[in-house]
>>> print(open('upload07.pdb').read())   # PDB, C-alpha atoms and all ligand atoms
ATOM      1  CA  MET A   1       0.000   0.000   0.000
ATOM      2  CA  THR A   2       1.180   3.543  -0.684
ATOM      3  CA  THR A   3       1.433   6.077   2.153
ATOM      4  CA  THR A   4      -1.757   7.769   0.900
ATOM      5  CA  GLU A   5      -3.655   4.460   0.797
ATOM      6  CA  ILE A   6      -2.508   3.677   4.346
ATOM      7  CA  ALA A   7      -3.619   7.113   5.583
ATOM      8  CA  THR A   8      -7.032   6.716   3.899
ATOM      9  CA  MET A   9      -7.569   3.289   5.425
ATOM     10  CA  GLN A  10      -6.472   4.550   8.834
ATOM     11  CA  GLU A  11      -9.124   7.288   8.617
ATOM     12  CA  GLU A  12     -11.694   4.648   7.698
ATOM     13  CA  VAL A  13     -10.630   2.570  10.728
ATOM     14  CA  ARG A  14     -10.868   5.555  13.077
ATOM     15  CA  ALA A  15     -14.337   6.463  11.745
ATOM     16  CA  LEU A  16     -15.583   2.874  12.142
ATOM     17  CA  ALA A  17     -14.165   2.660  15.682
ATOM     18  CA  ARG A  18     -15.993   5.881  16.624
ATOM     19  CA  GLU A  19     -19.258   4.712  15.054
ATOM     20  CA  ARG A  20     -19.056   1.315  16.758
ATOM     21  CA  GLY A  21     -17.922   2.579  20.175
ATOM     22  CA  ALA A  22     -14.786   0.439  19.973
ATOM     23  CA  VAL A  23     -11.353   0.965  21.470
ATOM     24  CA  ILE A  24      -8.360  -0.364  19.498
ATOM     25  CA  LEU A  25      -5.618  -1.985  21.588
ATOM     26  CA  ALA A  26      -2.354  -3.006  19.900
ATOM     27  CA  HIS A  27       0.689  -4.910  21.111
ATOM     28  CA  ASN A  28       4.200  -3.478  20.656
ATOM     29  CA  TYR A  29       4.950  -6.150  17.997
ATOM     30  CA  GLN A  30       2.174  -5.054  15.636
ATOM     31  CA  VAL A  31       2.987  -3.647  12.181
ATOM     32  CA  PRO A  32       3.577   0.159  12.211
ATOM     33  CA  GLU A  33       0.341   1.108  10.412
ATOM     34  CA  VAL A  34      -1.707  -0.811  13.006
ATOM     35  CA  GLN A  35       0.228   0.631  15.978
ATOM     36  CA  ASP A  36      -0.295   4.140  14.575
ATOM     37  CA  VAL A  37      -4.080   3.818  14.357
ATOM     38  CA  ALA A  38      -4.546   2.260  17.814
ATOM     39  CA  ASP A  39      -5.879   4.059  20.906
ATOM     40  CA  PHE A  40      -3.361   2.300  23.097
ATOM     41  CA  VAL A  41      -0.125   0.424  22.313
ATOM     42  CA  GLY A  42       1.660  -1.556  25.008
ATOM     43  CA  ASP A  43       2.899  -4.824  26.478
ATOM     44  CA  SER A  44       0.734  -7.711  27.709
ATOM     45  CA  LEU A  45       0.365  -6.200  31.178
ATOM     46  CA  GLY A  46      -0.499  -2.692  29.951
ATOM     47  CA  LEU A  47      -2.999  -4.077  27.444
ATOM     48  CA  SER A  48      -4.741  -6.170  30.129
ATOM     49  CA  GLN A  49      -4.903  -3.164  32.442
ATOM     50  CA  GLU A  50      -6.259  -0.997  29.641
ATOM     51  CA  ALA A  51      -8.892  -3.630  28.741
ATOM     52  CA  ALA A  52      -9.937  -3.811  32.405
ATOM     53  CA  ARG A  53     -10.385  -0.038  32.695
ATOM     54  CA  THR A  54     -11.922   0.945  29.330
ATOM     55  CA  ASP A  55     -15.527   2.131  29.212
ATOM     56  CA  ALA A  56     -15.797   1.492  25.447
ATOM     57  CA  GLU A  57     -18.515  -0.950  24.388
ATOM     58  CA  ALA A  58     -16.134  -3.082  22.368
ATOM     59  CA  ILE A  59     -12.424  -3.887  22.237
ATOM     60  CA  VAL A  60     -10.610  -4.701  19.004
ATOM     61  CA  PHE A  61      -7.500  -6.557  20.033
ATOM     62  CA  CYS A  62      -4.565  -6.228  17.638
ATOM     63  CA  GLY A  63      -2.353  -8.908  19.094
ATOM     64  CA  VAL A  64      -2.527 -12.678  19.470
ATOM     65  CA  HIS A  65      -5.424 -14.874  20.558
ATOM     66  CA  PHE A  66      -4.493 -15.392  24.236
ATOM     67  CA  MET A  67      -4.378 -11.594  24.671
ATOM     68  CA  ALA A  68      -7.894 -11.183  23.252
ATOM     69  CA  GLU A  69      -9.071 -14.069  25.450
ATOM     70  CA  THR A  70      -7.625 -12.330  28.513
ATOM     71  CA  ALA A  71      -9.553  -9.163  27.575
ATOM     72  CA  ALA A  72     -12.747 -11.224  27.107
ATOM     73  CA  ILE A  73     -12.307 -12.726  30.591
ATOM     74  CA  LEU A  74     -11.700  -9.302  32.146
ATOM     75  CA  CYS A  75     -14.641  -7.681  30.308
ATOM     76  CA  PRO A  76     -17.481 -10.240  30.090
ATOM     77  CA  ASP A  77     -20.018  -7.528  29.225
ATOM     78  CA  LYS A  78     -18.024  -6.171  26.258
ATOM     79  CA  THR A  79     -17.564  -7.493  22.762
ATOM     80  CA  VAL A  80     -13.928  -8.461  22.102
ATOM     81  CA  LEU A  81     -12.841  -8.778  18.485
ATOM     82  CA  ILE A  82      -9.626 -10.083  16.941
ATOM     83  CA  PRO A  83      -8.975  -9.265  13.265
ATOM     84  CA  ASP A  84      -7.558 -12.751  12.522
ATOM     85  CA  LEU A  85      -8.547 -15.844  14.507
ATOM     86  CA  ASP A  86      -5.400 -17.691  13.403
ATOM     87  CA  ALA A  87      -3.129 -15.281  15.281
ATOM     88  CA  GLY A  88      -1.942 -17.850  17.835
ATOM     89  CA  CYS A  89       1.244 -18.180  19.892
ATOM     90  CA  SER A  90       3.768 -21.033  19.785
ATOM     91  CA  LEU A  91       4.531 -20.529  23.480
ATOM     92  CA  ALA A  92       0.867 -20.688  24.542
ATOM     93  CA  ALA A  93       0.573 -23.867  22.455
ATOM     94  CA  SER A  94       3.378 -25.552  24.430
ATOM     95  CA  ILE A  95       1.113 -26.631  27.329
ATOM     96  CA  THR A  96      -2.496 -27.836  27.499
ATOM     97  CA  ALA A  97      -4.841 -27.828  30.507
ATOM     98  CA  GLU A  98      -4.616 -31.622  30.579
ATOM     99  CA  GLN A  99      -0.815 -31.525  30.798
ATOM    100  CA  LEU A 100      -1.029 -28.932  33.573
ATOM    101  CA  ARG A 101      -3.526 -31.057  35.546
ATOM    102  CA  ALA A 102      -1.109 -34.001  35.330
ATOM    103  CA  TRP A 103       1.820 -31.792  36.467
ATOM    104  CA  LYS A 104      -0.218 -30.508  39.413
ATOM    105  CA  ALA A 105      -1.150 -34.062  40.405
ATOM    106  CA  GLU A 106       2.584 -34.917  40.529
ATOM    107  CA  ASN A 107       3.225 -31.862  42.771
ATOM    108  CA  PRO A 108       0.376 -31.598  45.252
ATOM    109  CA  GLY A 109       0.412 -28.406  47.323
ATOM    110  CA  ALA A 110       2.445 -26.412  44.791
ATOM    111  CA  VAL A 111       1.256 -22.974  43.652
ATOM    112  CA  VAL A 112       0.865 -22.559  39.877
ATOM    113  CA  VAL A 113       2.163 -19.367  38.257
ATOM    114  CA  SER A 114       1.306 -19.138  34.558
ATOM    115  CA  TYR A 115       2.765 -16.647  32.158
ATOM    116  CA  VAL A 116      -0.010 -14.741  30.399
ATOM    117  CA  ASN A 117       0.992 -16.484  27.126
ATOM    118  CA  THR A 118      -1.357 -19.398  27.875
ATOM    119  CA  THR A 119      -4.867 -20.396  26.819
ATOM    120  CA  ALA A 120      -7.877 -19.591  29.027
ATOM    121  CA  ASP A 121      -8.127 -23.325  29.903
ATOM    122  CA  VAL A 122      -4.591 -23.268  31.300
ATOM    123  CA  LYS A 123      -5.237 -20.028  33.202
ATOM    124  CA  ALA A 124      -8.317 -21.684  34.733
ATOM    125  CA  GLU A 125      -5.970 -24.322  36.242
ATOM    126  CA  SER A 126      -3.591 -21.650  37.616
ATOM    127  CA  ASP A 127      -3.334 -19.741  40.890
ATOM    128  CA  TYR A 128      -1.553 -16.708  39.485
ATOM    129  CA  CYS A 129      -1.012 -15.267  36.079
ATOM    130  CA  CYS A 130       1.964 -12.995  35.310
ATOM    131  CA  THR A 131       3.563 -11.149  32.429
ATOM    132  CA  SER A 132       7.217 -10.310  31.792
ATOM    133  CA  GLY A 133       6.344  -6.890  33.296
ATOM    134  CA  ASN A 134       5.354  -8.224  36.732
ATOM    135  CA  ALA A 135       6.615 -11.857  36.930
ATOM    136  CA  LYS A 136       9.312 -11.002  39.502
ATOM    137  CA  ALA A 137       6.794  -9.189  41.746
ATOM    138  CA  VAL A 138       4.334 -12.100  41.470
ATOM    139  CA  ILE A 139       6.958 -14.688  42.486
ATOM    140  CA  GLU A 140       8.115 -12.451  45.354
ATOM    141  CA  SER A 141       4.521 -12.140  46.625
ATOM    142  CA  ILE A 142       4.362 -15.917  47.257
ATOM    143  CA  PRO A 143       5.671 -17.154  50.649
ATOM    144  CA  GLU A 144       9.270 -18.407  50.424
ATOM    145  CA  ASP A 145       8.511 -21.932  51.639
ATOM    146  CA  THR A 146       5.861 -22.545  48.962
ATOM    147  CA  GLU A 147       6.727 -24.713  45.999
ATOM    148  CA  ILE A 148       6.016 -22.989  42.664
ATOM    149  CA  LEU A 149       5.226 -24.550  39.300
ATOM    150  CA  PHE A 150       6.131 -21.945  36.681
ATOM    151  CA  LEU A 151       4.950 -22.284  33.078
ATOM    152  CA  PRO A 152       5.289 -22.382  30.152
ATOM    153  CA  ASP A 153       8.472 -20.429  29.264
ATOM    154  CA  MET A 154      11.738 -21.986  30.420
ATOM    155  CA  TYR A 155      13.929 -18.957  29.706
ATOM    156  CA  LEU A 156      11.640 -16.631  31.642
ATOM    157  CA  GLY A 157      11.599 -19.237  34.443
ATOM    158  CA  LEU A 158      15.417 -19.400  34.543
ATOM    159  CA  TRP A 159      15.622 -15.607  34.632
ATOM    160  CA  LEU A 160      13.118 -15.530  37.507
ATOM    161  CA  GLU A 161      15.216 -18.008  39.470
ATOM    162  CA  LYS A 162      18.219 -15.708  39.052
ATOM    163  CA  VAL A 163      16.495 -12.443  40.016
ATOM    164  CA  THR A 164      14.430 -13.811  42.907
ATOM    165  CA  GLY A 165      16.936 -16.366  44.252
ATOM    166  CA  ARG A 166      14.046 -18.888  44.416
ATOM    167  CA  ARG A 167      14.027 -22.450  43.095
ATOM    168  CA  LEU A 168      11.108 -23.020  40.712
ATOM    169  CA  ARG A 169       9.785 -26.075  38.921
ATOM    170  CA  ILE A 170       9.852 -24.890  35.313
ATOM    171  CA  TRP A 171       7.892 -26.148  32.291
ATOM    172  CA  MET A 172      10.177 -26.642  29.284
ATOM    173  CA  GLY A 173       8.219 -24.494  26.803
ATOM    174  CA  GLU A 174       9.649 -21.777  24.587
ATOM    175  CA  CYS A 175       8.673 -19.098  22.102
ATOM    176  CA  HIS A 176      10.170 -19.982  18.716
ATOM    177  CA  VAL A 177      10.947 -16.317  17.970
ATOM    178  CA  HIS A 178      12.782 -15.504  21.203
ATOM    179  CA  ALA A 179      14.430 -18.911  21.590
ATOM    180  CA  GLY A 180      15.945 -18.229  18.165
ATOM    181  CA  ILE A 181      17.894 -15.218  19.472
ATOM    182  CA  ARG A 182      21.098 -16.979  20.438
ATOM    183  CA  PRO A 183      24.136 -16.020  22.528
ATOM    184  CA  ALA A 184      26.149 -15.795  19.270
ATOM    185  CA  ASP A 185      23.868 -12.952  18.079
ATOM    186  CA  ILE A 186      24.675 -11.020  21.241
ATOM    187  CA  GLU A 187      28.409 -11.733  21.059
ATOM    188  CA  ARG A 188      28.570 -10.451  17.485
ATOM    189  CA  TRP A 189      26.879  -7.213  18.509
ATOM    190  CA  GLN A 190      28.957  -6.733  21.593
ATOM    191  CA  ALA A 191      32.024  -6.757  19.371
ATOM    192  CA  ASP A 192      30.483  -4.482  16.703
ATOM    193  CA  ALA A 193      28.772  -1.972  19.008
ATOM    194  CA  PRO A 194      30.647  -1.707  22.296
ATOM    195  CA  ASP A 195      29.025   1.689  22.998
ATOM    196  CA  ALA A 196      25.416   0.378  22.897
ATOM    197  CA  GLU A 197      23.050  -0.619  25.729
ATOM    198  CA  LEU A 198      21.563  -4.088  25.268
ATOM    199  CA  LEU A 199      17.806  -4.543  25.876
ATOM    200  CA  VAL A 200      16.843  -8.226  26.186
ATOM    201  CA  HIS A 201      13.388  -9.787  26.590
ATOM    202  CA  PRO A 202      13.442 -12.544  29.247
ATOM    203  CA  GLU A 203      11.900 -15.050  26.789
ATOM    204  CA  CYS A 204      15.118 -14.960  24.727
ATOM    205  CA  GLY A 205      17.314 -18.023  24.402
ATOM    206  CA  CYS A 206      20.263 -15.747  25.201
ATOM    207  CA  ALA A 207      18.774 -14.184  28.352
ATOM    208  CA  SER A 208      20.506 -16.475  30.891
ATOM    209  CA  GLN A 209      23.845 -16.062  29.183
ATOM    210  CA  CYS A 210      23.408 -12.267  29.117
ATOM    211  CA  MET A 211      22.858 -12.334  32.867
ATOM    212  CA  ALA A 212      25.938 -14.494  33.312
ATOM    213  CA  PHE A 213      27.983 -11.761  31.537
ATOM    214  CA  GLY A 214      27.051  -9.561  34.508
ATOM    215  CA  ASN A 215      27.376  -6.611  32.135
ATOM    216  CA  VAL A 216      25.996  -3.303  33.431
ATOM    217  CA  ARG A 217      24.946  -2.398  29.873
ATOM    218  CA  THR A 218      22.588  -5.403  29.665
ATOM    219  CA  HIS A 219      18.965  -4.923  30.761
ATOM    220  CA  ILE A 220      16.383  -7.733  30.856
ATOM    221  CA  LEU A 221      12.989  -6.101  30.329
ATOM    222  CA  SER A 222       9.412  -6.570  29.114
ATOM    223  CA  THR A 223       8.606  -4.798  25.837
ATOM    224  CA  GLU A 224       7.110  -1.779  27.634
ATOM    225  CA  GLY A 225      10.015  -1.863  30.101
ATOM    226  CA  MET A 226      12.363  -1.441  27.098
ATOM    227  CA  ILE A 227      10.437   1.633  25.971
ATOM    228  CA  ARG A 228      10.479   3.222  29.426
ATOM    229  CA  PHE A 229      14.177   2.457  29.795
ATOM    230  CA  ALA A 230      15.164   3.895  26.398
ATOM    231  CA  ARG A 231      13.102   7.060  26.969
ATOM    232  CA  GLN A 232      14.750   7.927  30.258
ATOM    233  CA  SER A 233      18.287   6.691  29.504
ATOM    234  CA  PRO A 234      20.952   9.315  28.700
ATOM    235  CA  LYS A 235      22.470   6.785  26.215
ATOM    236  CA  GLU A 236      21.971   7.123  22.454
ATOM    237  CA  ARG A 237      22.408   3.647  21.015
ATOM    238  CA  PHE A 238      20.441   0.487  21.870
ATOM    239  CA  LEU A 239      20.574  -3.104  20.674
ATOM    240  CA  VAL A 240      17.223  -4.798  20.984
ATOM    241  CA  ALA A 241      16.788  -8.545  21.562
ATOM    242  CA  THR A 242      13.091  -9.190  20.957
ATOM    243  CA  GLU A 243      10.540  -9.223  18.116
ATOM    244  CA  THR A 244      11.462  -6.498  15.623
ATOM    245  CA  GLY A 245       7.995  -4.833  15.651
ATOM    246  CA  ILE A 246       9.075  -2.978  18.779
ATOM    247  CA  LEU A 247      11.605  -0.903  16.809
ATOM    248  CA  HIS A 248       8.764   1.234  15.410
ATOM    249  CA  ARG A 249       7.446   2.083  18.867
ATOM    250  CA  LEU A 250      10.952   2.720  20.245
ATOM    251  CA  SER A 251      11.807   5.101  17.400
ATOM    252  CA  LYS A 252       8.519   6.931  17.879
ATOM    253  CA  GLU A 253       8.977   7.323  21.632
ATOM    254  CA  ALA A 254      12.662   8.283  21.474
ATOM    255  CA  PRO A 255      13.214   9.650  17.925
ATOM    256  CA  GLU A 256      16.620  11.118  18.713
ATOM    257  CA  LYS A 257      18.041   7.695  19.648
ATOM    258  CA  ARG A 258      19.288   4.776  17.556
ATOM    259  CA  PHE A 259      17.749   1.286  17.867
ATOM    260  CA  GLU A 260      18.981  -1.865  16.113
ATOM    261  CA  ALA A 261      17.647  -5.421  16.165
ATOM    262  CA  VAL A 262      20.071  -8.032  17.491
ATOM    263  CA  SER A 263      18.418 -10.459  15.053
ATOM    264  CA  GLU A 264      16.510  -9.270  11.969
ATOM    265  CA  LYS A 265      14.980 -12.769  11.840
ATOM    266  CA  ALA A 266      13.077 -12.242  15.113
ATOM    267  CA  ILE A 267       9.652 -11.819  13.509
ATOM    268  CA  CYS A 268       6.493 -13.335  15.003
ATOM    269  CA  ARG A 269       4.378 -14.543  12.113
ATOM    270  CA  TYR A 270       1.304 -14.649  14.382
ATOM    271  CA  MET A 271       1.583 -10.998  15.403
ATOM    272  CA  LYS A 272       2.074 -10.100  11.737
ATOM    273  CA  MET A 273      -1.204 -11.809  10.730
ATOM    274  CA  ILE A 274      -3.002  -8.671  11.926
ATOM    275  CA  THR A 275      -3.011  -6.155   9.076
ATOM    276  CA  LEU A 276      -4.643  -2.740   8.708
ATOM    277  CA  GLU A 277      -7.049  -4.210   6.163
ATOM    278  CA  LYS A 278      -8.105  -7.023   8.517
ATOM    279  CA  LEU A 279      -8.540  -4.466  11.298
ATOM    280  CA  ARG A 280     -10.843  -2.435   9.037
ATOM    281  CA  ASP A 281     -12.827  -5.566   8.086
ATOM    282  CA  SER A 282     -13.058  -6.574  11.734
ATOM    283  CA  LEU A 283     -14.708  -3.264  12.685
ATOM    284  CA  ARG A 284     -16.878  -3.135   9.585
ATOM    285  CA  ASP A 285     -18.120  -6.740   9.693
ATOM    286  CA  TRP A 286     -17.959  -7.167  13.510
ATOM    287  CA  LYS A 287     -15.647 -10.191  13.413
ATOM    288  CA  HIS A 288     -14.096 -12.295  14.902
ATOM    289  CA  VAL A 289     -15.767 -12.299  18.300
ATOM    290  CA  VAL A 290     -13.620 -13.926  21.007
ATOM    291  CA  THR A 291     -15.554 -15.567  23.831
ATOM    292  CA  VAL A 292     -14.556 -17.769  26.741
ATOM    293  CA  GLU A 293     -16.886 -20.335  28.219
ATOM    294  CA  PRO A 294     -18.286 -18.794  31.484
ATOM    295  CA  GLU A 295     -17.150 -21.618  33.773
ATOM    296  CA  ILE A 296     -13.564 -21.442  32.409
ATOM    297  CA  ALA A 297     -13.643 -17.626  32.455
ATOM    298  CA  ALA A 298     -14.713 -17.532  36.102
ATOM    299  CA  ARG A 299     -11.826 -19.805  37.142
ATOM    300  CA  ALA A 300      -9.260 -17.983  34.954
ATOM    301  CA  ARG A 301     -10.442 -14.613  36.252
ATOM    302  CA  GLY A 302      -8.983 -15.095  39.739
ATOM    303  CA  ALA A 303      -5.483 -15.742  38.342
ATOM    304  CA  ILE A 304      -5.724 -12.752  35.968
ATOM    305  CA  ASP A 305      -7.089 -10.404  38.649
ATOM    306  CA  ARG A 306      -4.093 -11.251  40.838
ATOM    307  CA  MET A 307      -1.805 -10.416  37.892
ATOM    308  CA  VAL A 308      -3.490  -7.097  37.091
ATOM    309  CA  ALA A 309      -3.306  -6.119  40.772
ATOM    310  CA  ILE A 310       0.470  -6.735  41.163
ATOM    311  CA  VAL A 311       2.668  -4.314  39.204
TER
HETATM  312  P1  LIG B 401       5.441  -8.464  26.649
HETATM  313  O1  LIG B 401       4.411  -8.705  27.673
HETATM  314  O2  LIG B 401       6.807  -8.158  27.226
HETATM  315  O3  LIG B 401       5.008  -7.420  25.683
HETATM  316  O4  LIG B 401       5.670  -9.806  25.808
HETATM  317  C1  LIG B 401       4.620 -10.427  25.120
HETATM  318  C2  LIG B 401       5.071 -11.491  24.221
HETATM  319  O5  LIG B 401       4.315 -12.175  23.571
HETATM  320  C3  LIG B 401       6.489 -11.708  24.132
HETATM  321  O6  LIG B 401       6.732 -12.516  23.066
HETATM  322 FE1  LIG B 402       3.950 -15.936  21.196
HETATM  323 FE2  LIG B 402       6.539 -15.665  20.705
HETATM  324 FE3  LIG B 402       4.793 -14.496  19.102
HETATM  325 FE4  LIG B 402       5.182 -13.572  21.621
HETATM  326  S1  LIG B 402       6.655 -13.556  19.929
HETATM  327  S2  LIG B 402       3.215 -13.912  20.589
HETATM  328  S3  LIG B 402       5.560 -15.483  22.697
HETATM  329  S4  LIG B 402       5.037 -16.714  19.379
END
>>> encode(input="upload07.pdb", output="structure tokens")
Amino acid sequence: MTTTEIATMQEEVRALARERGAVILAHNYQVPEVQDVADFVGDSLGLSQEAARTDAEAIVFCGVHFMAETAAILCPDKTVLIPDLDAGCSLAASITAEQLRAWKAENPGAVVVSYVNTTADVKAESDYCCTSGNAKAVIESIPEDTEILFLPDMYLGLWLEKVTGRRLRIWMGECHVHAGIRPADIERWQADAPDAELLVHPECGCASQCMAFGNVRTHILSTEGMIRFARQSPKERFLVATETGILHRLSKEAPEKRFEAVSEKAICRYMKMITLEKLRDSLRDWKHVVTVEPEIAARARGAIDRMVAIV
């Protein structure tokens, strides 16, 4: 699409959102033209908080399915739409409710902390939910002598063990995009850009090794944490180890600074399924409505409420 075509479609989207009483929420990994038309752009935690507080009649969720499901659980009286139902998540797909029930049966008495990248069924089997933005605070809120089952991301789990000093039982799931960012990618950059600060998402396959470097220029952060950090840092150059969609938001929030992807291959095909055209169609044709079965939603709600409350 040309710049003019994009601008015209963005106007159409804004007009439809107004007409329909819908708020558009977009994750930091969305394509630039979708981020630019949204009412709110943020990380999983910020998007859940925004969904919980909006007074709009409907929410169009430009992100992946588990995020829209979380919004549907938090707002049972609102319509939640996702522009493409196939926008899944390889990490969320790495554990089913049945597998979690079996794991719990093997560890009676343990508290279950689930990363938000899980299906509603898995959340319904969990005690707490967390995101990369509040996972440390959630773990620290649980009494020290309690055994914790942490799922499904192993790299996030290993990072949590390091920063909290707690031993966790960790599910061996991973996100294919972040697991693909390897220590070699970081080493190459450290040689090429010794002046840059390194921003690393805790889902990355290189996160544990980055911590082992003990380098003061390395910062393990959620996507929104990266944006806050870059905005307030006096430094000018940043290497970013996460999905490349965040570069648009970073450059918008701190235009005078320089941001480079550690790996250009770190692209989430699920996040990229949401296009401006599909967003327009979603508002125009009122599709695809995301619902969660009330019994599952009620059980998942407790875990999500605890997550939204702890920042
Ligand atoms: P954030 O919550 O840090 O935005 O991460 C979401 C996600 O899906 C990471 O891949
Ligand atoms: Fe899921 Fe990974 Fe995509 Fe995030 S980047 S939505 S964890 S597949």
>>> resolve_selection(input="upload07.pdb", expression="the PyMOL selection byres (((chain A and resi 274-278) around 9) and not hetatm)", output="list in words")
Ile6, Met9, Gln10, Val13, Gln30, Val31, Glu33, Val34, Val37, Cys62, Gly63, Val64, Ile82, Pro83, Asp84, Ala87, Tyr270, Met271, Lys272, Met273, Leu279, Arg280, Asp281, Ser282 and Leu283 of chain A
>>> resolve_selection(input="upload07.pdb", expression="the PyMOL selection byres (((not hetatm)) within 10 of (chain B and resi 402))", output="MDAnalysis selection string")
chainID A and resid 27 29 44 63:67 87:93 115:118 153 174:179 203:204 242:245 266:272
>>> write_last_selection(input="upload07.pdb", atoms="C-alpha atoms", output="mmCIF file, keeping the file's coordinate frame")
data_model
loop_
_atom_site.group_PDB
_atom_site.id
_atom_site.type_symbol
_atom_site.label_atom_id
_atom_site.label_comp_id
_atom_site.auth_asym_id
_atom_site.auth_seq_id
_atom_site.Cartn_x
_atom_site.Cartn_y
_atom_site.Cartn_z
ATOM 1 C CA HIS A 27 0.689 -4.910 21.111
ATOM 2 C CA TYR A 29 4.950 -6.150 17.997
ATOM 3 C CA SER A 44 0.734 -7.711 27.709
ATOM 4 C CA GLY A 63 -2.353 -8.908 19.094
ATOM 5 C CA VAL A 64 -2.527 -12.678 19.470
ATOM 6 C CA HIS A 65 -5.424 -14.874 20.558
ATOM 7 C CA PHE A 66 -4.493 -15.392 24.236
ATOM 8 C CA MET A 67 -4.378 -11.594 24.671
ATOM 9 C CA ALA A 87 -3.129 -15.281 15.281
ATOM 10 C CA GLY A 88 -1.942 -17.850 17.835
ATOM 11 C CA CYS A 89 1.244 -18.180 19.892
ATOM 12 C CA SER A 90 3.768 -21.033 19.785
ATOM 13 C CA LEU A 91 4.531 -20.529 23.480
ATOM 14 C CA ALA A 92 0.867 -20.688 24.542
ATOM 15 C CA ALA A 93 0.573 -23.867 22.455
ATOM 16 C CA TYR A 115 2.765 -16.647 32.158
ATOM 17 C CA VAL A 116 -0.010 -14.741 30.399
ATOM 18 C CA ASN A 117 0.992 -16.484 27.126
ATOM 19 C CA THR A 118 -1.357 -19.398 27.875
ATOM 20 C CA ASP A 153 8.472 -20.429 29.264
ATOM 21 C CA GLU A 174 9.649 -21.777 24.587
ATOM 22 C CA CYS A 175 8.673 -19.098 22.102
ATOM 23 C CA HIS A 176 10.170 -19.982 18.716
ATOM 24 C CA VAL A 177 10.947 -16.317 17.970
ATOM 25 C CA HIS A 178 12.782 -15.504 21.203
ATOM 26 C CA ALA A 179 14.430 -18.911 21.590
ATOM 27 C CA GLU A 203 11.900 -15.050 26.789
ATOM 28 C CA CYS A 204 15.118 -14.960 24.727
ATOM 29 C CA THR A 242 13.091 -9.190 20.957
ATOM 30 C CA GLU A 243 10.540 -9.223 18.116
ATOM 31 C CA THR A 244 11.462 -6.498 15.623
ATOM 32 C CA GLY A 245 7.995 -4.833 15.651
ATOM 33 C CA ALA A 266 13.077 -12.242 15.113
ATOM 34 C CA ILE A 267 9.652 -11.819 13.509
ATOM 35 C CA CYS A 268 6.493 -13.335 15.003
ATOM 36 C CA ARG A 269 4.378 -14.543 12.113
ATOM 37 C CA TYR A 270 1.304 -14.649 14.382
ATOM 38 C CA MET A 271 1.583 -10.998 15.403
ATOM 39 C CA LYS A 272 2.074 -10.100 11.737
#
>>> resolve_selection(input="upload07.pdb", expression="the PyMOL selection byres (((not hetatm)) within 6 of (chain B and resi 401))", output="ChimeraX atom specification")
/A:43-45,131-132,222-223
>>> closest_residue(input="upload07.pdb", among="A:His201, A:His248, A:Arg306, A:Arg182", to="Glu260 (chain A)", atoms="all atoms listed in the file")
A:His248
>>> closest_residue(input="upload07.pdb", among="A:Leu149, A:Leu81, A:Val163, A:Val216", to="Arg101 (chain A)", atoms="all atoms listed in the file")
A:Leu149
>>> atom_distance(input="upload07.pdb", atom1="CA of Glu98 (chain A)", atom2="CA of Gly46 (chain A)")
29.2 Å
